[in-house]
>>> print(open('structure-v2.cif').read())   # mmCIF, N, CA and C atoms
data_target
#
loop_
_atom_site.label_atom_id
_atom_site.label_comp_id
_atom_site.auth_asym_id
_atom_site.auth_seq_id
_atom_site.Cartn_x
_atom_site.Cartn_y
_atom_site.Cartn_z
N MET A 22 115.20 -159.72 12.98
CA MET A 22 114.31 -160.76 13.46
C MET A 22 115.04 -161.57 14.53
N SER A 23 114.38 -161.81 15.65
CA SER A 23 114.98 -162.60 16.71
C SER A 23 114.90 -164.08 16.35
N LYS A 24 115.69 -164.88 17.04
CA LYS A 24 115.72 -166.31 16.77
C LYS A 24 114.35 -166.93 17.01
N LYS A 25 113.94 -167.77 16.09
CA LYS A 25 112.69 -168.52 16.20
C LYS A 25 113.03 -169.99 16.03
N VAL A 26 112.15 -170.83 16.53
CA VAL A 26 112.27 -172.27 16.33
C VAL A 26 110.96 -172.77 15.75
N TRP A 27 111.04 -173.27 14.52
CA TRP A 27 109.86 -173.76 13.83
C TRP A 27 109.96 -175.26 13.65
N GLY A 28 108.83 -175.90 13.49
CA GLY A 28 108.79 -177.32 13.19
C GLY A 28 108.00 -177.57 11.93
N ILE A 29 108.46 -178.53 11.16
CA ILE A 29 107.72 -178.95 9.96
C ILE A 29 107.65 -180.47 10.00
N ALA A 30 106.42 -180.99 9.91
CA ALA A 30 106.20 -182.43 10.02
C ALA A 30 105.47 -182.96 8.80
N GLY A 31 105.77 -184.18 8.47
CA GLY A 31 105.09 -184.86 7.37
C GLY A 31 105.73 -186.21 7.13
N LEU A 32 104.98 -187.08 6.49
CA LEU A 32 105.48 -188.41 6.19
C LEU A 32 106.62 -188.34 5.17
N SER A 33 107.34 -189.41 5.06
CA SER A 33 108.41 -189.51 4.07
C SER A 33 107.83 -189.25 2.68
N GLY A 34 108.49 -188.40 1.92
CA GLY A 34 108.03 -188.08 0.57
C GLY A 34 106.95 -187.03 0.50
N SER A 35 106.63 -186.38 1.62
CA SER A 35 105.54 -185.40 1.62
C SER A 35 105.99 -184.00 1.19
N GLY A 36 107.28 -183.79 1.03
CA GLY A 36 107.76 -182.50 0.55
C GLY A 36 108.40 -181.61 1.61
N LYS A 37 108.71 -182.16 2.77
CA LYS A 37 109.32 -181.36 3.85
C LYS A 37 110.64 -180.74 3.38
N SER A 38 111.48 -181.55 2.76
CA SER A 38 112.79 -181.06 2.33
C SER A 38 112.66 -180.00 1.25
N ILE A 39 111.68 -180.15 0.38
CA ILE A 39 111.44 -179.14 -0.65
C ILE A 39 111.05 -177.81 -0.01
N LEU A 40 110.19 -177.88 1.00
CA LEU A 40 109.77 -176.67 1.70
C LEU A 40 110.96 -176.01 2.42
N VAL A 41 111.80 -176.82 3.03
CA VAL A 41 112.99 -176.29 3.69
C VAL A 41 113.88 -175.59 2.67
N ASP A 42 114.10 -176.24 1.53
CA ASP A 42 114.92 -175.63 0.47
C ASP A 42 114.30 -174.33 -0.03
N LEU A 43 112.98 -174.28 -0.11
CA LEU A 43 112.28 -173.06 -0.53
C LEU A 43 112.56 -171.92 0.44
N PHE A 44 112.46 -172.20 1.73
CA PHE A 44 112.76 -171.19 2.75
C PHE A 44 114.17 -170.65 2.56
N VAL A 45 115.12 -171.54 2.38
CA VAL A 45 116.53 -171.15 2.33
C VAL A 45 116.89 -170.50 1.00
N GLN A 46 116.59 -171.17 -0.11
CA GLN A 46 117.05 -170.71 -1.41
C GLN A 46 116.19 -169.61 -2.01
N LYS A 47 114.90 -169.75 -1.97
CA LYS A 47 114.01 -168.80 -2.64
C LYS A 47 113.69 -167.58 -1.80
N LEU A 48 113.52 -167.79 -0.51
CA LEU A 48 113.13 -166.67 0.36
C LEU A 48 114.32 -166.05 1.08
N GLY A 49 115.47 -166.71 1.00
CA GLY A 49 116.67 -166.16 1.63
C GLY A 49 116.65 -166.21 3.15
N VAL A 50 115.82 -167.06 3.72
CA VAL A 50 115.77 -167.18 5.17
C VAL A 50 117.00 -167.96 5.62
N GLU A 51 117.72 -167.40 6.57
CA GLU A 51 118.90 -168.07 7.09
C GLU A 51 118.47 -169.00 8.22
N LEU A 52 118.57 -170.30 7.96
CA LEU A 52 118.08 -171.30 8.89
C LEU A 52 119.15 -172.30 9.26
N VAL A 53 119.05 -172.81 10.45
CA VAL A 53 119.76 -174.02 10.83
C VAL A 53 118.70 -175.11 10.84
N VAL A 54 118.91 -176.16 10.06
CA VAL A 54 117.92 -177.22 9.94
C VAL A 54 118.36 -178.41 10.77
N ILE A 55 117.45 -178.87 11.61
CA ILE A 55 117.68 -180.07 12.41
C ILE A 55 116.74 -181.14 11.86
N ARG A 56 117.30 -182.17 11.29
CA ARG A 56 116.50 -183.27 10.76
C ARG A 56 116.43 -184.36 11.82
N LEU A 57 115.22 -184.64 12.30
CA LEU A 57 115.06 -185.62 13.37
C LEU A 57 115.57 -187.00 12.97
N GLU A 58 115.51 -187.30 11.69
CA GLU A 58 116.06 -188.58 11.22
C GLU A 58 117.55 -188.66 11.56
N ASP A 59 118.27 -187.57 11.40
CA ASP A 59 119.70 -187.54 11.74
C ASP A 59 119.92 -187.68 13.24
N VAL A 60 119.06 -187.02 14.02
CA VAL A 60 119.16 -187.11 15.48
C VAL A 60 118.97 -188.55 15.93
N VAL A 61 117.95 -189.21 15.39
CA VAL A 61 117.68 -190.60 15.76
C VAL A 61 118.83 -191.50 15.31
N ASN A 62 119.35 -191.27 14.11
CA ASN A 62 120.49 -192.07 13.65
C ASN A 62 121.68 -191.94 14.58
N ASP A 63 121.91 -190.74 15.10
CA ASP A 63 122.98 -190.54 16.09
C ASP A 63 122.72 -191.36 17.35
N LEU A 64 121.46 -191.44 17.76
CA LEU A 64 121.10 -192.20 18.95
C LEU A 64 121.25 -193.70 18.74
N PHE A 65 121.26 -194.15 17.51
CA PHE A 65 121.43 -195.57 17.21
C PHE A 65 122.90 -195.98 17.14
N ARG A 66 123.81 -195.01 17.11
CA ARG A 66 125.24 -195.33 16.98
C ARG A 66 125.77 -196.03 18.21
N SER A 67 126.70 -196.96 17.99
CA SER A 67 127.34 -197.67 19.09
C SER A 67 127.94 -196.68 20.08
N GLY A 68 127.74 -196.96 21.34
CA GLY A 68 128.28 -196.11 22.40
C GLY A 68 127.38 -194.97 22.81
N SER A 69 126.30 -194.73 22.06
CA SER A 69 125.40 -193.63 22.41
C SER A 69 124.43 -194.08 23.49
N GLU A 70 123.82 -193.12 24.15
CA GLU A 70 122.83 -193.43 25.19
C GLU A 70 121.62 -194.16 24.60
N GLY A 71 121.21 -193.79 23.40
CA GLY A 71 120.09 -194.47 22.76
C GLY A 71 120.41 -195.93 22.48
N HIS A 72 121.59 -196.17 21.97
CA HIS A 72 122.05 -197.54 21.70
C HIS A 72 122.04 -198.35 22.99
N ARG A 73 122.54 -197.76 24.07
CA ARG A 73 122.61 -198.44 25.36
C ARG A 73 121.21 -198.78 25.87
N GLN A 74 120.30 -197.80 25.81
CA GLN A 74 118.94 -198.04 26.33
C GLN A 74 118.19 -199.08 25.50
N ILE A 75 118.33 -199.01 24.20
CA ILE A 75 117.66 -199.99 23.33
C ILE A 75 118.19 -201.39 23.60
N THR A 76 119.51 -201.51 23.71
CA THR A 76 120.11 -202.82 23.98
C THR A 76 119.70 -203.34 25.35
N ASN A 77 119.69 -202.47 26.35
CA ASN A 77 119.28 -202.90 27.70
C ASN A 77 117.84 -203.38 27.73
N TYR A 78 116.96 -202.71 27.00
CA TYR A 78 115.54 -203.07 27.07
C TYR A 78 115.19 -204.22 26.13
N PHE A 79 115.60 -204.11 24.86
CA PHE A 79 115.18 -205.09 23.86
C PHE A 79 116.14 -206.27 23.73
N GLY A 80 117.37 -206.12 24.20
CA GLY A 80 118.32 -207.22 24.17
C GLY A 80 119.34 -207.12 23.06
N GLU A 81 120.36 -207.94 23.19
CA GLU A 81 121.47 -207.92 22.24
C GLU A 81 121.13 -208.60 20.92
N GLU A 82 119.97 -209.23 20.84
CA GLU A 82 119.58 -209.87 19.58
C GLU A 82 119.37 -208.84 18.47
N TYR A 83 119.31 -207.55 18.83
CA TYR A 83 119.14 -206.49 17.83
C TYR A 83 120.46 -205.81 17.50
N LEU A 84 121.54 -206.46 17.84
CA LEU A 84 122.87 -205.97 17.51
C LEU A 84 123.47 -206.84 16.41
N LYS A 85 124.23 -206.20 15.55
CA LYS A 85 125.02 -206.94 14.58
C LYS A 85 126.25 -207.49 15.28
N LYS A 86 126.98 -208.35 14.63
CA LYS A 86 128.20 -208.90 15.22
C LYS A 86 129.21 -207.80 15.55
N SER A 87 129.15 -206.71 14.82
CA SER A 87 130.07 -205.58 15.03
C SER A 87 129.71 -204.77 16.27
N GLY A 88 128.52 -205.04 16.85
CA GLY A 88 128.05 -204.27 18.00
C GLY A 88 127.13 -203.13 17.62
N GLU A 89 127.04 -202.85 16.32
CA GLU A 89 126.12 -201.82 15.84
C GLU A 89 124.68 -202.32 15.96
N LEU A 90 123.78 -201.39 16.12
CA LEU A 90 122.36 -201.73 16.18
C LEU A 90 121.89 -202.19 14.81
N ASN A 91 121.16 -203.28 14.76
CA ASN A 91 120.55 -203.75 13.52
C ASN A 91 119.21 -203.03 13.40
N VAL A 92 119.26 -201.85 12.83
CA VAL A 92 118.09 -200.97 12.78
C VAL A 92 116.95 -201.61 11.99
N LYS A 93 117.27 -202.24 10.89
CA LYS A 93 116.23 -202.87 10.07
C LYS A 93 115.47 -203.94 10.88
N LYS A 94 116.20 -204.75 11.62
CA LYS A 94 115.58 -205.79 12.44
C LYS A 94 114.77 -205.17 13.59
N LEU A 95 115.30 -204.12 14.20
CA LEU A 95 114.59 -203.44 15.28
C LEU A 95 113.29 -202.83 14.78
N TRP A 96 113.34 -202.11 13.64
CA TRP A 96 112.13 -201.49 13.09
C TRP A 96 111.06 -202.54 12.80
N LYS A 97 111.48 -203.65 12.18
CA LYS A 97 110.52 -204.72 11.87
C LYS A 97 109.86 -205.22 13.16
N PHE A 98 110.65 -205.39 14.19
CA PHE A 98 110.15 -205.89 15.47
C PHE A 98 109.15 -204.92 16.10
N VAL A 99 109.48 -203.64 16.17
CA VAL A 99 108.61 -202.69 16.87
C VAL A 99 107.38 -202.31 16.06
N TYR A 100 107.48 -202.33 14.73
CA TYR A 100 106.31 -201.97 13.93
C TYR A 100 105.28 -203.08 13.86
N GLU A 101 105.65 -204.29 14.27
CA GLU A 101 104.68 -205.38 14.32
C GLU A 101 103.83 -205.32 15.58
N ASP A 102 104.24 -204.49 16.55
CA ASP A 102 103.55 -204.45 17.83
C ASP A 102 103.56 -203.00 18.34
N GLN A 103 102.40 -202.36 18.35
CA GLN A 103 102.30 -200.95 18.75
C GLN A 103 102.79 -200.72 20.18
N HIS A 104 102.63 -201.70 21.04
CA HIS A 104 103.12 -201.56 22.41
C HIS A 104 104.65 -201.43 22.43
N LYS A 105 105.32 -202.24 21.62
CA LYS A 105 106.78 -202.18 21.54
C LYS A 105 107.24 -200.86 20.92
N LEU A 106 106.48 -200.38 19.95
CA LEU A 106 106.80 -199.09 19.34
C LEU A 106 106.69 -197.97 20.37
N LYS A 107 105.67 -198.04 21.21
CA LYS A 107 105.50 -197.04 22.27
C LYS A 107 106.66 -197.10 23.27
N ILE A 108 107.14 -198.29 23.55
CA ILE A 108 108.28 -198.44 24.45
C ILE A 108 109.52 -197.80 23.83
N LEU A 109 109.74 -198.08 22.55
CA LEU A 109 110.90 -197.46 21.87
C LEU A 109 110.77 -195.95 21.89
N ASP A 110 109.59 -195.43 21.60
CA ASP A 110 109.36 -193.98 21.67
C ASP A 110 109.65 -193.45 23.08
N PHE A 111 109.19 -194.17 24.09
CA PHE A 111 109.41 -193.77 25.49
C PHE A 111 110.90 -193.71 25.81
N LEU A 112 111.68 -194.66 25.28
CA LEU A 112 113.12 -194.67 25.52
C LEU A 112 113.83 -193.52 24.82
N LEU A 113 113.40 -193.23 23.59
CA LEU A 113 114.12 -192.25 22.77
C LEU A 113 113.65 -190.81 22.93
N GLU A 114 112.37 -190.60 23.27
CA GLU A 114 111.82 -189.25 23.33
C GLU A 114 112.66 -188.28 24.16
N PRO A 115 113.00 -188.61 25.40
CA PRO A 115 113.77 -187.64 26.18
C PRO A 115 115.15 -187.37 25.58
N LEU A 116 115.73 -188.38 24.95
CA LEU A 116 117.05 -188.20 24.34
C LEU A 116 116.96 -187.30 23.11
N ILE A 117 115.91 -187.48 22.31
CA ILE A 117 115.70 -186.65 21.12
C ILE A 117 115.48 -185.20 21.54
N LEU A 118 114.58 -184.99 22.48
CA LEU A 118 114.29 -183.64 22.95
C LEU A 118 115.54 -182.97 23.52
N ASP A 119 116.33 -183.71 24.27
CA ASP A 119 117.54 -183.16 24.86
C ASP A 119 118.53 -182.72 23.79
N LYS A 120 118.73 -183.56 22.78
CA LYS A 120 119.67 -183.21 21.69
C LYS A 120 119.20 -181.96 20.95
N VAL A 121 117.92 -181.90 20.64
CA VAL A 121 117.38 -180.74 19.91
C VAL A 121 117.47 -179.49 20.79
N GLN A 122 117.12 -179.60 22.06
CA GLN A 122 117.17 -178.45 22.97
C GLN A 122 118.58 -177.90 23.08
N LYS A 123 119.59 -178.77 23.09
CA LYS A 123 120.98 -178.31 23.16
C LYS A 123 121.35 -177.48 21.93
N VAL A 124 120.90 -177.91 20.76
CA VAL A 124 121.16 -177.14 19.54
C VAL A 124 120.45 -175.79 19.63
N VAL A 125 119.19 -175.81 20.04
CA VAL A 125 118.41 -174.57 20.16
C VAL A 125 119.10 -173.61 21.13
N ASP A 126 119.53 -174.11 22.26
CA ASP A 126 120.16 -173.27 23.28
C ASP A 126 121.46 -172.64 22.80
N ASN A 127 122.17 -173.32 21.91
CA ASN A 127 123.51 -172.85 21.50
C ASN A 127 123.52 -172.16 20.14
N GLU A 128 122.38 -172.03 19.51
CA GLU A 128 122.33 -171.44 18.17
C GLU A 128 121.75 -170.03 18.24
N ILE A 129 122.28 -169.15 17.39
CA ILE A 129 121.76 -167.78 17.36
C ILE A 129 120.83 -167.55 16.17
N LYS A 130 120.90 -168.43 15.18
CA LYS A 130 120.04 -168.30 14.00
C LYS A 130 118.69 -168.97 14.25
N THR A 131 117.74 -168.66 13.37
CA THR A 131 116.45 -169.32 13.40
C THR A 131 116.63 -170.79 13.03
N LEU A 132 115.89 -171.64 13.71
CA LEU A 132 116.00 -173.08 13.49
C LEU A 132 114.71 -173.65 12.95
N LEU A 133 114.84 -174.68 12.14
CA LEU A 133 113.70 -175.42 11.63
C LEU A 133 113.95 -176.89 11.92
N VAL A 134 113.04 -177.49 12.65
CA VAL A 134 113.14 -178.91 12.98
C VAL A 134 112.22 -179.67 12.04
N GLU A 135 112.80 -180.62 11.32
CA GLU A 135 112.06 -181.39 10.33
C GLU A 135 111.93 -182.83 10.82
N GLY A 136 110.69 -183.33 10.85
CA GLY A 136 110.47 -184.70 11.28
C GLY A 136 109.15 -185.26 10.80
N ILE A 137 108.94 -186.52 11.10
CA ILE A 137 107.69 -187.17 10.70
C ILE A 137 106.53 -186.65 11.53
N SER A 138 106.76 -186.51 12.84
CA SER A 138 105.71 -185.97 13.70
C SER A 138 106.35 -185.38 14.95
N PHE A 139 105.57 -184.61 15.66
CA PHE A 139 106.02 -184.01 16.91
C PHE A 139 105.01 -184.35 17.99
N ASN A 140 104.88 -185.64 18.25
CA ASN A 140 103.92 -186.11 19.24
C ASN A 140 104.43 -185.98 20.66
N LEU A 141 105.68 -185.65 20.80
CA LEU A 141 106.28 -185.56 22.13
C LEU A 141 105.77 -184.33 22.85
N SER A 142 105.44 -184.48 24.09
CA SER A 142 104.88 -183.36 24.85
C SER A 142 105.89 -182.23 25.02
N GLY A 143 107.16 -182.53 25.01
CA GLY A 143 108.18 -181.51 25.23
C GLY A 143 108.37 -180.53 24.09
N TRP A 144 107.81 -180.80 22.91
CA TRP A 144 108.00 -179.90 21.77
C TRP A 144 107.39 -178.53 22.03
N ALA A 145 106.33 -178.48 22.81
CA ALA A 145 105.68 -177.19 23.09
C ALA A 145 106.65 -176.22 23.75
N ASN A 146 107.61 -176.73 24.48
CA ASN A 146 108.61 -175.89 25.14
C ASN A 146 109.73 -175.46 24.20
N ILE A 147 109.82 -176.08 23.04
CA ILE A 147 110.91 -175.80 22.11
C ILE A 147 110.45 -174.88 20.99
N PHE A 148 109.26 -175.16 20.41
CA PHE A 148 108.82 -174.47 19.22
C PHE A 148 108.17 -173.13 19.51
N ASP A 149 108.41 -172.19 18.59
CA ASP A 149 107.66 -170.94 18.56
C ASP A 149 106.40 -171.13 17.73
N GLN A 150 106.53 -171.89 16.66
CA GLN A 150 105.40 -172.13 15.76
C GLN A 150 105.48 -173.55 15.24
#
>>> encode(input="structure-v2.cif", output="C-alpha cells")
Amino acid sequence: MSKKVWGIAGLSGSGKSILVDLFVQKLGVELVVIRLEDVVNDLFRSGSEGHRQITNYFGEEYLKKSGELNVKKLWKFVYEDQHKLKILDFLLEPLILDKVQKVVDNEIKTLLVEGISFNLSGWANIFDQ
C-alpha cells in the first residue's frame, strides 16, 4: 500500500483517539498520527512563529511573566468574540498547514491527522481521504 494521508475530525470526547487506537492495535495499520492539538501547542511555545504572531497582534497582555503565552486567557478572549477567533485562526492556519505538510513530505508511512475540524482550505491539498 502506498502512503496515504487521512484526516479524522470530531469534538473533544467524540472518540477520535479510540478510532486511531483501533486502526493501530486491532487492524494492524501502521500509522504516523499527527494530533493537531500538539501542533497548536507547539505554535504557542515561546520563541515560535505562532507565539510571535499572536503577541504581535493581540499584545503582551496575553503573556505570563515568564514570557509564555497565557493560553487560558487567550482562549477566553477569542471565544467571547467570533471575529477575534477568526483572526486567531487566520494567524495560525498557514503555520498549522505548513507544519503538517512538512511531516507529510518527510514521512514514508501512512499518516492520520486528528483534529477538531479541517475548515482550512489547504487541507484538500494534504488529504487523500
>>> resolve_selection(input="structure-v2.cif", expression="the PyMOL selection byres (((chain A and resi 125 and name CA) around 12) and name CA)", output="list in words")
Lys24, Lys25, Val26, Trp27, Leu52, Val53, Val54, Ile55, Leu118, Asp119, Lys120, Val121, Gln122, Lys123, Val124, Asp126, Asn127, Glu128, Ile129, Lys130, Thr131, Leu132, Leu133, Val134, Trp144, Asn146, Ile147, Phe148 and Asp149 of chain A
>>> atom_distance(input="structure-v2.cif", atom1="atom C of Glu51 (chain A)", atom2="atom C of Phe65 (chain A)")
28.8 Å
>>> atom_distance(input="structure-v2.cif", atom1="CA of Val92 (chain A)", atom2="CA of Glu135 (chain A)")
20.6 Å
>>> select_by_dssp(input="structure-v2.cif", residues="chain A", states="strand (DSSP E)", output="PyMOL selection string")
chain A and resi 26-30+52-56+131-136
>>> closest_residue(input="structure-v2.cif", among="A:Lys47, A:Arg56, A:Arg66, A:His104", to="Leu90 (chain A)", atoms="all atoms listed in the file")
A:Arg66
>>> select_by_dssp(input="structure-v2.cif", residues="region 94-140 of chain A", states="alpha helix (DSSP H)", output="PDB file with N, CA and C atoms, in the frame of the given file")
ATOM      1  N   LYS A  94     116.200-204.750  11.620  1.00  0.00           N
ATOM      2  CA  LYS A  94     115.580-205.790  12.440  1.00  0.00           C
ATOM      3  C   LYS A  94     114.770-205.170  13.590  1.00  0.00           C
ATOM      4  N   LEU A  95     115.300-204.120  14.200  1.00  0.00           N
ATOM      5  CA  LEU A  95     114.590-203.440  15.280  1.00  0.00           C
ATOM      6  C   LEU A  95     113.290-202.830  14.780  1.00  0.00           C
ATOM      7  N   TRP A  96     113.340-202.110  13.640  1.00  0.00           N
ATOM      8  CA  TRP A  96     112.130-201.490  13.090  1.00  0.00           C
ATOM      9  C   TRP A  96     111.060-202.540  12.800  1.00  0.00           C
ATOM     10  N   LYS A  97     111.480-203.650  12.180  1.00  0.00           N
ATOM     11  CA  LYS A  97     110.520-204.720  11.870  1.00  0.00           C
ATOM     12  C   LYS A  97     109.860-205.220  13.160  1.00  0.00           C
ATOM     13  N   PHE A  98     110.650-205.390  14.190  1.00  0.00           N
ATOM     14  CA  PHE A  98     110.150-205.890  15.470  1.00  0.00           C
ATOM     15  C   PHE A  98     109.150-204.920  16.100  1.00  0.00           C
ATOM     16  N   VAL A  99     109.480-203.640  16.170  1.00  0.00           N
ATOM     17  CA  VAL A  99     108.610-202.690  16.870  1.00  0.00           C
ATOM     18  C   VAL A  99     107.380-202.310  16.060  1.00  0.00           C
ATOM     19  N   TYR A 100     107.480-202.330  14.730  1.00  0.00           N
ATOM     20  CA  TYR A 100     106.310-201.970  13.930  1.00  0.00           C
ATOM     21  C   TYR A 100     105.280-203.080  13.860  1.00  0.00           C
ATOM     22  N   GLN A 103     102.400-202.360  18.350  1.00  0.00           N
ATOM     23  CA  GLN A 103     102.300-200.950  18.750  1.00  0.00           C
ATOM     24  C   GLN A 103     102.790-200.720  20.180  1.00  0.00           C
ATOM     25  N   HIS A 104     102.630-201.700  21.040  1.00  0.00           N
ATOM     26  CA  HIS A 104     103.120-201.560  22.410  1.00  0.00           C
ATOM     27  C   HIS A 104     104.650-201.430  22.430  1.00  0.00           C
ATOM     28  N   LYS A 105     105.320-202.240  21.620  1.00  0.00           N
ATOM     29  CA  LYS A 105     106.780-202.180  21.540  1.00  0.00           C
ATOM     30  C   LYS A 105     107.240-200.860  20.920  1.00  0.00           C
ATOM     31  N   LEU A 106     106.480-200.380  19.950  1.00  0.00           N
ATOM     32  CA  LEU A 106     106.800-199.090  19.340  1.00  0.00           C
ATOM     33  C   LEU A 106     106.690-197.970  20.370  1.00  0.00           C
ATOM     34  N   LYS A 107     105.670-198.040  21.210  1.00  0.00           N
ATOM     35  CA  LYS A 107     105.500-197.040  22.270  1.00  0.00           C
ATOM     36  C   LYS A 107     106.660-197.100  23.270  1.00  0.00           C
ATOM     37  N   ILE A 108     107.140-198.290  23.550  1.00  0.00           N
ATOM     38  CA  ILE A 108     108.280-198.440  24.450  1.00  0.00           C
ATOM     39  C   ILE A 108     109.520-197.800  23.830  1.00  0.00           C
ATOM     40  N   LEU A 109     109.740-198.080  22.550  1.00  0.00           N
ATOM     41  CA  LEU A 109     110.900-197.460  21.870  1.00  0.00           C
ATOM     42  C   LEU A 109     110.770-195.950  21.890  1.00  0.00           C
ATOM     43  N   ASP A 110     109.590-195.430  21.600  1.00  0.00           N
ATOM     44  CA  ASP A 110     109.360-193.980  21.670  1.00  0.00           C
ATOM     45  C   ASP A 110     109.650-193.450  23.080  1.00  0.00           C
ATOM     46  N   PHE A 111     109.190-194.170  24.090  1.00  0.00           N
ATOM     47  CA  PHE A 111     109.410-193.770  25.490  1.00  0.00           C
ATOM     48  C   PHE A 111     110.900-193.710  25.810  1.00  0.00           C
ATOM     49  N   LEU A 112     111.680-194.660  25.280  1.00  0.00           N
ATOM     50  CA  LEU A 112     113.120-194.670  25.520  1.00  0.00           C
ATOM     51  C   LEU A 112     113.830-193.520  24.820  1.00  0.00           C
ATOM     52  N   LEU A 113     113.400-193.230  23.590  1.00  0.00           N
ATOM     53  CA  LEU A 113     114.120-192.250  22.770  1.00  0.00           C
ATOM     54  C   LEU A 113     113.650-190.810  22.930  1.00  0.00           C
ATOM     55  N   GLU A 114     112.370-190.600  23.270  1.00  0.00           N
ATOM     56  CA  GLU A 114     111.820-189.250  23.330  1.00  0.00           C
ATOM     57  C   GLU A 114     112.660-188.280  24.160  1.00  0.00           C
ATOM     58  N   PRO A 115     113.000-188.610  25.400  1.00  0.00           N
ATOM     59  CA  PRO A 115     113.770-187.640  26.180  1.00  0.00           C
ATOM     60  C   PRO A 115     115.150-187.370  25.580  1.00  0.00           C
ATOM     61  N   LEU A 116     115.730-188.380  24.950  1.00  0.00           N
ATOM     62  CA  LEU A 116     117.050-188.200  24.340  1.00  0.00           C
ATOM     63  C   LEU A 116     116.960-187.300  23.110  1.00  0.00           C
ATOM     64  N   ILE A 117     115.910-187.480  22.310  1.00  0.00           N
ATOM     65  CA  ILE A 117     115.700-186.650  21.120  1.00  0.00           C
ATOM     66  C   ILE A 117     115.480-185.200  21.540  1.00  0.00           C
ATOM     67  N   LEU A 118     114.580-184.990  22.480  1.00  0.00           N
ATOM     68  CA  LEU A 118     114.290-183.640  22.950  1.00  0.00           C
ATOM     69  C   LEU A 118     115.540-182.970  23.520  1.00  0.00           C
ATOM     70  N   ASP A 119     116.330-183.710  24.270  1.00  0.00           N
ATOM     71  CA  ASP A 119     117.540-183.160  24.860  1.00  0.00           C
ATOM     72  C   ASP A 119     118.530-182.720  23.790  1.00  0.00           C
ATOM     73  N   LYS A 120     118.730-183.560  22.780  1.00  0.00           N
ATOM     74  CA  LYS A 120     119.670-183.210  21.690  1.00  0.00           C
ATOM     75  C   LYS A 120     119.200-181.960  20.950  1.00  0.00           C
ATOM     76  N   VAL A 121     117.920-181.900  20.640  1.00  0.00           N
ATOM     77  CA  VAL A 121     117.380-180.740  19.910  1.00  0.00           C
ATOM     78  C   VAL A 121     117.470-179.490  20.790  1.00  0.00           C
ATOM     79  N   GLN A 122     117.120-179.600  22.060  1.00  0.00           N
ATOM     80  CA  GLN A 122     117.170-178.450  22.970  1.00  0.00           C
ATOM     81  C   GLN A 122     118.580-177.900  23.080  1.00  0.00           C
ATOM     82  N   LYS A 123     119.590-178.770  23.090  1.00  0.00           N
ATOM     83  CA  LYS A 123     120.980-178.310  23.160  1.00  0.00           C
ATOM     84  C   LYS A 123     121.350-177.480  21.930  1.00  0.00           C
ATOM     85  N   VAL A 124     120.900-177.910  20.760  1.00  0.00           N
ATOM     86  CA  VAL A 124     121.160-177.140  19.540  1.00  0.00           C
ATOM     87  C   VAL A 124     120.450-175.790  19.630  1.00  0.00           C
ATOM     88  N   VAL A 125     119.190-175.810  20.040  1.00  0.00           N
ATOM     89  CA  VAL A 125     118.410-174.570  20.160  1.00  0.00           C
ATOM     90  C   VAL A 125     119.100-173.610  21.130  1.00  0.00           C
ATOM     91  N   ASP A 126     119.530-174.110  22.260  1.00  0.00           N
ATOM     92  CA  ASP A 126     120.160-173.270  23.280  1.00  0.00           C
ATOM     93  C   ASP A 126     121.460-172.640  22.800  1.00  0.00           C
ATOM     94  N   ASN A 127     122.170-173.320  21.910  1.00  0.00           N
ATOM     95  CA  ASN A 127     123.510-172.850  21.500  1.00  0.00           C
ATOM     96  C   ASN A 127     123.520-172.160  20.140  1.00  0.00           C
TER      97      ASN A 127
END
>>> atom_distance(input="structure-v2.cif", atom1="CA of Ile108 (chain A)", atom2="CA of Phe139 (chain A)")
16.4 Å
>>> closest_residue(input="structure-v2.cif", among="A:Gly34, A:Gly49, A:Ser67, A:Tyr100", to="Lys85 (chain A)", atoms="only C-alpha atoms")
A:Ser67
>>> residues_around(input="structure-v2.cif", residues="Gly71 (chain A)", least_positions_apart="3", cutoff="12 Å", atoms="only C-alpha atoms", output="ChimeraX atom specification")
/A:60-68,74-79,89-90,109-117,119-120
